[in-house]
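**Q** Quick one: the structure is below, and I'll ask about it shortly.
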Amino acid sequence: MTKKRIIIGGIVVVILITAIYAWYEYNRTVQDLSDVRADYSVNATALINEFVSNEDSANKKYLNRILSVKGMIKSVEAGQGGTIVLGDTSDMSGVRCVLDSSANTTAGSLQRGAVVTVKGAITGFNKDETGLLGSDVQLNRCVISN
Amino acid sequence: MNLRIKKGIISFCFILFATSLMAQDKYFTKSGSIQFVSKGAIETIQANHRSVTCVLDSKTGAVQFAVLMKGFEFKKALMQEHFNENYVESDKYPKAEFRGQIVNNSEIAYTKDGVYTAHVKGKLTMHGQTKDVEADGKITVKNGKLVANSDFTILMSDYNISIPKLVKENMSNTVSITVNCTLEPLKS
């Protein structure tokens with residue numbers, strides 16, 4: 001009799017744990033990157049060059065990683081959450097960092113020409129096929145780490 | 001002066017003039033936004049992209065969009081992971097592209113403030129599939145900038161995106177897409 005009880009109890013516990021885990025997983029929000037260690041630390045211009053010279057190998061190396069990118073601010077764009085663009089002002093290409101909406105308050109305080117380090121999730125390389133716009137490395141969920 | 005050199009100078013000036021004209025005809029943005037919503041019986045899937053690239057040639061009416069699939073932001077992490085890994089397979093197909101044409105381009109006065117309706121026809125490439133897409137949009141010309149808005153729907157099945165059987169009842173095959181871009185004149 002007790003054996004049966006233990007088995008039933010065990011099954012109930014397993015179901016409960018599974019349910020709690022599923023519920024937690026289902027409601028899990030996208031991680032805030034402030035406390036996450038970057039997989040790679042790179043310079044903005046070096047990162048662009050790496051993608052320009054070999055997109056495939058750069059994709060393999062960087063995609064789905066968290067990057068810490070250091071560079072000069074080319075421009076600051078307002079709008080939802082805000083975007084800062086790092087890179088060389090003489091070049092149309094840049095590293096476009098879409099800020100995490102929770103980091104919105106810091107976007108306004110950033111100045112063009114300042115050197116900053118931005119941590120974010122890389123979303124890929126948008127190669128320019130028109131020859132007019134420059135190719136960009138894009139990051140999102142970005143936070144300023146210095 | 002040698003006639004040939006003269007001709008050369010004239011054609012050079014002409015090219016210079018023509019390209020400077022062309023450059024002024026183009027509008028672009030790199031921070032456009034695209035939102036998509038798919039309402040199913042139980043689950044509503046919603047995401048936002050804030051780094052949409054768009055180029056519009058006001059002279060020819062040619063319009064192009066480029067979107068990195070991994071840049072879609074979801075509230076729920078699990079949804080974002082499933083979207084990238086199981087649905088659009090963003091490692092394999094990192095980019096979505098639209099190349100099209102404003103059919104009624106002559107009706108839009110790009111230099112005059114106002115609101116214009118644009119009929120757009122073109123090809124959308126996503127998840128390795130290319131399909132014809134037709135949509136109506138609105139172009140608002142104001143102070144030399146263009147605000148482009150459009151709503152249209154696509155079917156996931158058109159792009160070979162299959163919904164797992166287990167959740168087929170809960171999810172919709174129809175995806176509503178909202179485009180919102182502010183285009184600035186392209187200076188060269």
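Ligands are numbered from 1 in the order shown, chains are lettered A, B, ... in the order of the structure tokens, and residues start at 1 in each chain.
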Return the neighbours of chain A among the residues of chain B, cut-off 10 Å, counting only C-alpha atoms, as an MDAnalysis selection string.

**A** chainID B and resid 23 26 28:33 49:55 64 66:81 90:91 94:95 186:188

**Q** One decimal, Å: what's the distance from atom CA of B:Glu134 over to atom CA of B:Thr111, could you say?

**A**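 Distance between the two atoms: 25.3 Å.
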
**Q** Within chain A, find each residue whose DSSP state, derived from the backbone, is strand (DSSP E or B), and express the selection as a ChimeraX atom specification.

**A** /A:29,40-43,66-77,83-86,94-99,115-126,136-144

**Q** Write out as a PyMOL selection string each polymer residue whose atoms come within 7 Å of A:Val116, counting only C-alpha atoms; drop sequence neighbours fewer than 2 positions from it.

**A** chain A and resi 70-72+114+118+146

**Q** Please compute the atom CA of A:Ser101-atom CA of A:Val143 distance, one decimal, in Å.

**A**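 Those two atoms sit 9.4 Å apart.
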
**Q** Can you pull out every residue within 7 Å of B:Gln35, counting only C-alpha atoms, but drop anything in the same chain fewer than 4 positions away, and send it as a list in words?

**A**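 Everything that qualifies: Ala47, Asn48, His49, Ile177, Thr178 and Val179 of chain B.
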
**Q** Go ahead and write the selection's residues with N, CA and C atoms as a PDB file, in the first residue's frame.

**A**
ATOM      1  N   ALA B  47       6.091  40.813 -32.937  1.00  0.00           N
ATOM      2  CA  ALA B  47       7.485  41.225 -32.835  1.00  0.00           C
ATOM      3  C   ALA B  47       7.716  42.524 -33.581  1.00  0.00           C
ATOM      4  N   ASN B  48       8.808  43.161 -33.243  1.00  0.00           N
ATOM      5  CA  ASN B  48       9.114  44.478 -33.759  1.00  0.00           C
ATOM      6  C   ASN B  48      10.569  44.518 -34.227  1.00  0.00           C
ATOM      7  N   HIS B  49      10.786  45.185 -35.336  1.00  0.00           N
ATOM      8  CA  HIS B  49      12.151  45.355 -35.856  1.00  0.00           C
ATOM      9  C   HIS B  49      12.417  46.843 -36.026  1.00  0.00           C
ATOM     10  N   ILE B 177       1.583  42.456 -41.437  1.00  0.00           N
ATOM     11  CA  ILE B 177       2.838  43.183 -41.369  1.00  0.00           C
ATOM     12  C   ILE B 177       2.568  44.679 -41.479  1.00  0.00           C
ATOM     13  N   THR B 178       3.172  45.444 -40.576  1.00  0.00           N
ATOM     14  CA  THR B 178       3.037  46.890 -40.588  1.00  0.00           C
ATOM     15  C   THR B 178       4.409  47.508 -40.814  1.00  0.00           C
ATOM     16  N   VAL B 179       4.504  48.347 -41.835  1.00  0.00           N
ATOM     17  CA  VAL B 179       5.776  48.991 -42.162  1.00  0.00           C
ATOM     18  C   VAL B 179       5.665  50.472 -41.843  1.00  0.00           C
TER      19      VAL B 179
END

**Q** Which of these residues is nearest to B:Val88, using only C-alpha atoms: B:Met126, B:Leu183, B:Ile34, B:Val167?

**A**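 For B:Val88, the nearest of the candidates is B:Met126.
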
**Q** I need the residue nearest B:Gly128 from this list: B:Asn86, B:Asn105, B:Asn160, B:Thr44. Use only C-alpha atoms for the distance.

**A**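 The closest residue to B:Gly128 is B:Asn160.
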
**Q** Write out as a list of chain:residue names all residues of stretch 10-47 of chain A that backbone DSSP assigns to helix (DSSP H, G or I).

**A**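 Filtering stretch 10-47 of chain A to helix (DSSP H, G or I) leaves A:Gly10, A:Ile11, A:Val12, A:Val13, A:Val14, A:Ile15, A:Leu16, A:Ile17, A:Thr18, A:Ala19, A:Ile20, A:Tyr21, A:Ala22, A:Trp23, A:Tyr24, A:Glu25, A:Tyr26, A:Asn27, A:Leu33, A:Ser34, A:Asp35, A:Ala44, A:Thr45, A:Ala46, A:Leu47.
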
**Q** Generate a file of the selected residues that holds C-alpha atoms, formatted as a short mmCIF file (atom, residue, chain, number, x, y, z; two decimals), in the first residue's frame.

**A**
data_model
loop_
_atom_site.label_atom_id
_atom_site.label_comp_id
_atom_site.auth_asym_id
_atom_site.auth_seq_id
_atom_site.Cartn_x
_atom_site.Cartn_y
_atom_site.Cartn_z
CA GLY A 10 6.31 10.70 -7.11
CA ILE A 11 4.26 11.09 -10.27
CA VAL A 12 2.42 14.09 -8.83
CA VAL A 13 5.72 15.75 -7.88
CA VAL A 14 7.15 15.16 -11.37
CA ILE A 15 4.04 16.62 -13.02
CA LEU A 16 4.15 19.64 -10.72
CA ILE A 17 7.81 20.33 -11.39
CA THR A 18 7.26 19.98 -15.13
CA ALA A 19 4.29 22.36 -15.00
CA ILE A 20 6.19 24.95 -13.00
CA TYR A 21 9.17 24.69 -15.34
CA ALA A 22 6.93 24.99 -18.44
CA TRP A 23 5.14 28.00 -17.00
CA TYR A 24 8.43 29.65 -16.14
CA GLU A 25 9.86 28.94 -19.61
CA TYR A 26 6.71 30.17 -21.33
CA ASN A 27 6.81 33.51 -19.53
CA LEU A 33 22.36 42.16 -21.24
CA SER A 34 23.75 44.44 -18.51
CA ASP A 35 24.92 41.53 -16.40
CA ALA A 44 33.86 48.77 -34.46
CA THR A 45 35.97 49.32 -37.59
CA ALA A 46 37.73 45.96 -37.20
CA LEU A 47 34.36 44.23 -36.90
#

**Q** One decimal, in Å: what's the spacing between atom CA of A:Val85 and atom CA of A:Ile73?

**A**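 Calculated distance between atom CA of A:Val85 and atom CA of A:Ile73 is 5.8 Å.
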
**Q** Quick one: residues within 7 Å of A:Asp88, only C-alpha atoms, excluding same-chain residues fewer than 2 positions away - as number ranges by chain?

**A** A: 45, 74, 90-91

**Q** Can those selected residues be exported to a file as a PDB file, in the first residue's frame so that it contains N, CA and C atoms?

**A**
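Now in result-v3.pdb:
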ATOM      1  N   THR A  45      35.465  49.350 -36.213  1.00  0.00           N
ATOM      2  CA  THR A  45      35.974  49.315 -37.588  1.00  0.00           C
ATOM      3  C   THR A  45      36.534  47.939 -37.938  1.00  0.00           C
ATOM      4  N   LYS A  74      29.178  57.811 -34.420  1.00  0.00           N
ATOM      5  CA  LYS A  74      29.000  58.538 -35.674  1.00  0.00           C
ATOM      6  C   LYS A  74      27.725  59.363 -35.629  1.00  0.00           C
ATOM      7  N   SER A  90      34.100  58.903 -42.093  1.00  0.00           N
ATOM      8  CA  SER A  90      34.375  59.055 -43.525  1.00  0.00           C
ATOM      9  C   SER A  90      33.771  57.908 -44.331  1.00  0.00           C
ATOM     10  N   ASP A  91      33.236  56.914 -43.640  1.00  0.00           N
ATOM     11  CA  ASP A  91      32.726  55.710 -44.289  1.00  0.00           C
ATOM     12  C   ASP A  91      31.221  55.625 -44.042  1.00  0.00           C
TER      13      ASP A  91
END

**Q** Report as a list in words all protein, DNA and RNA residues lying within 12 Å of B:Val103, evaluated on only C-alpha atoms, omitting residues in the same chain fewer than 6 positions from it.

**A**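 Near neighbours after the sequence-gap exclusion: Ser58, Thr60, Gly61, Ala62, Val63, Thr117, Ala118, His119, Val120, Lys121, Gly122, Glu134, Ala135, Asp136 and Gly137 of chain B.
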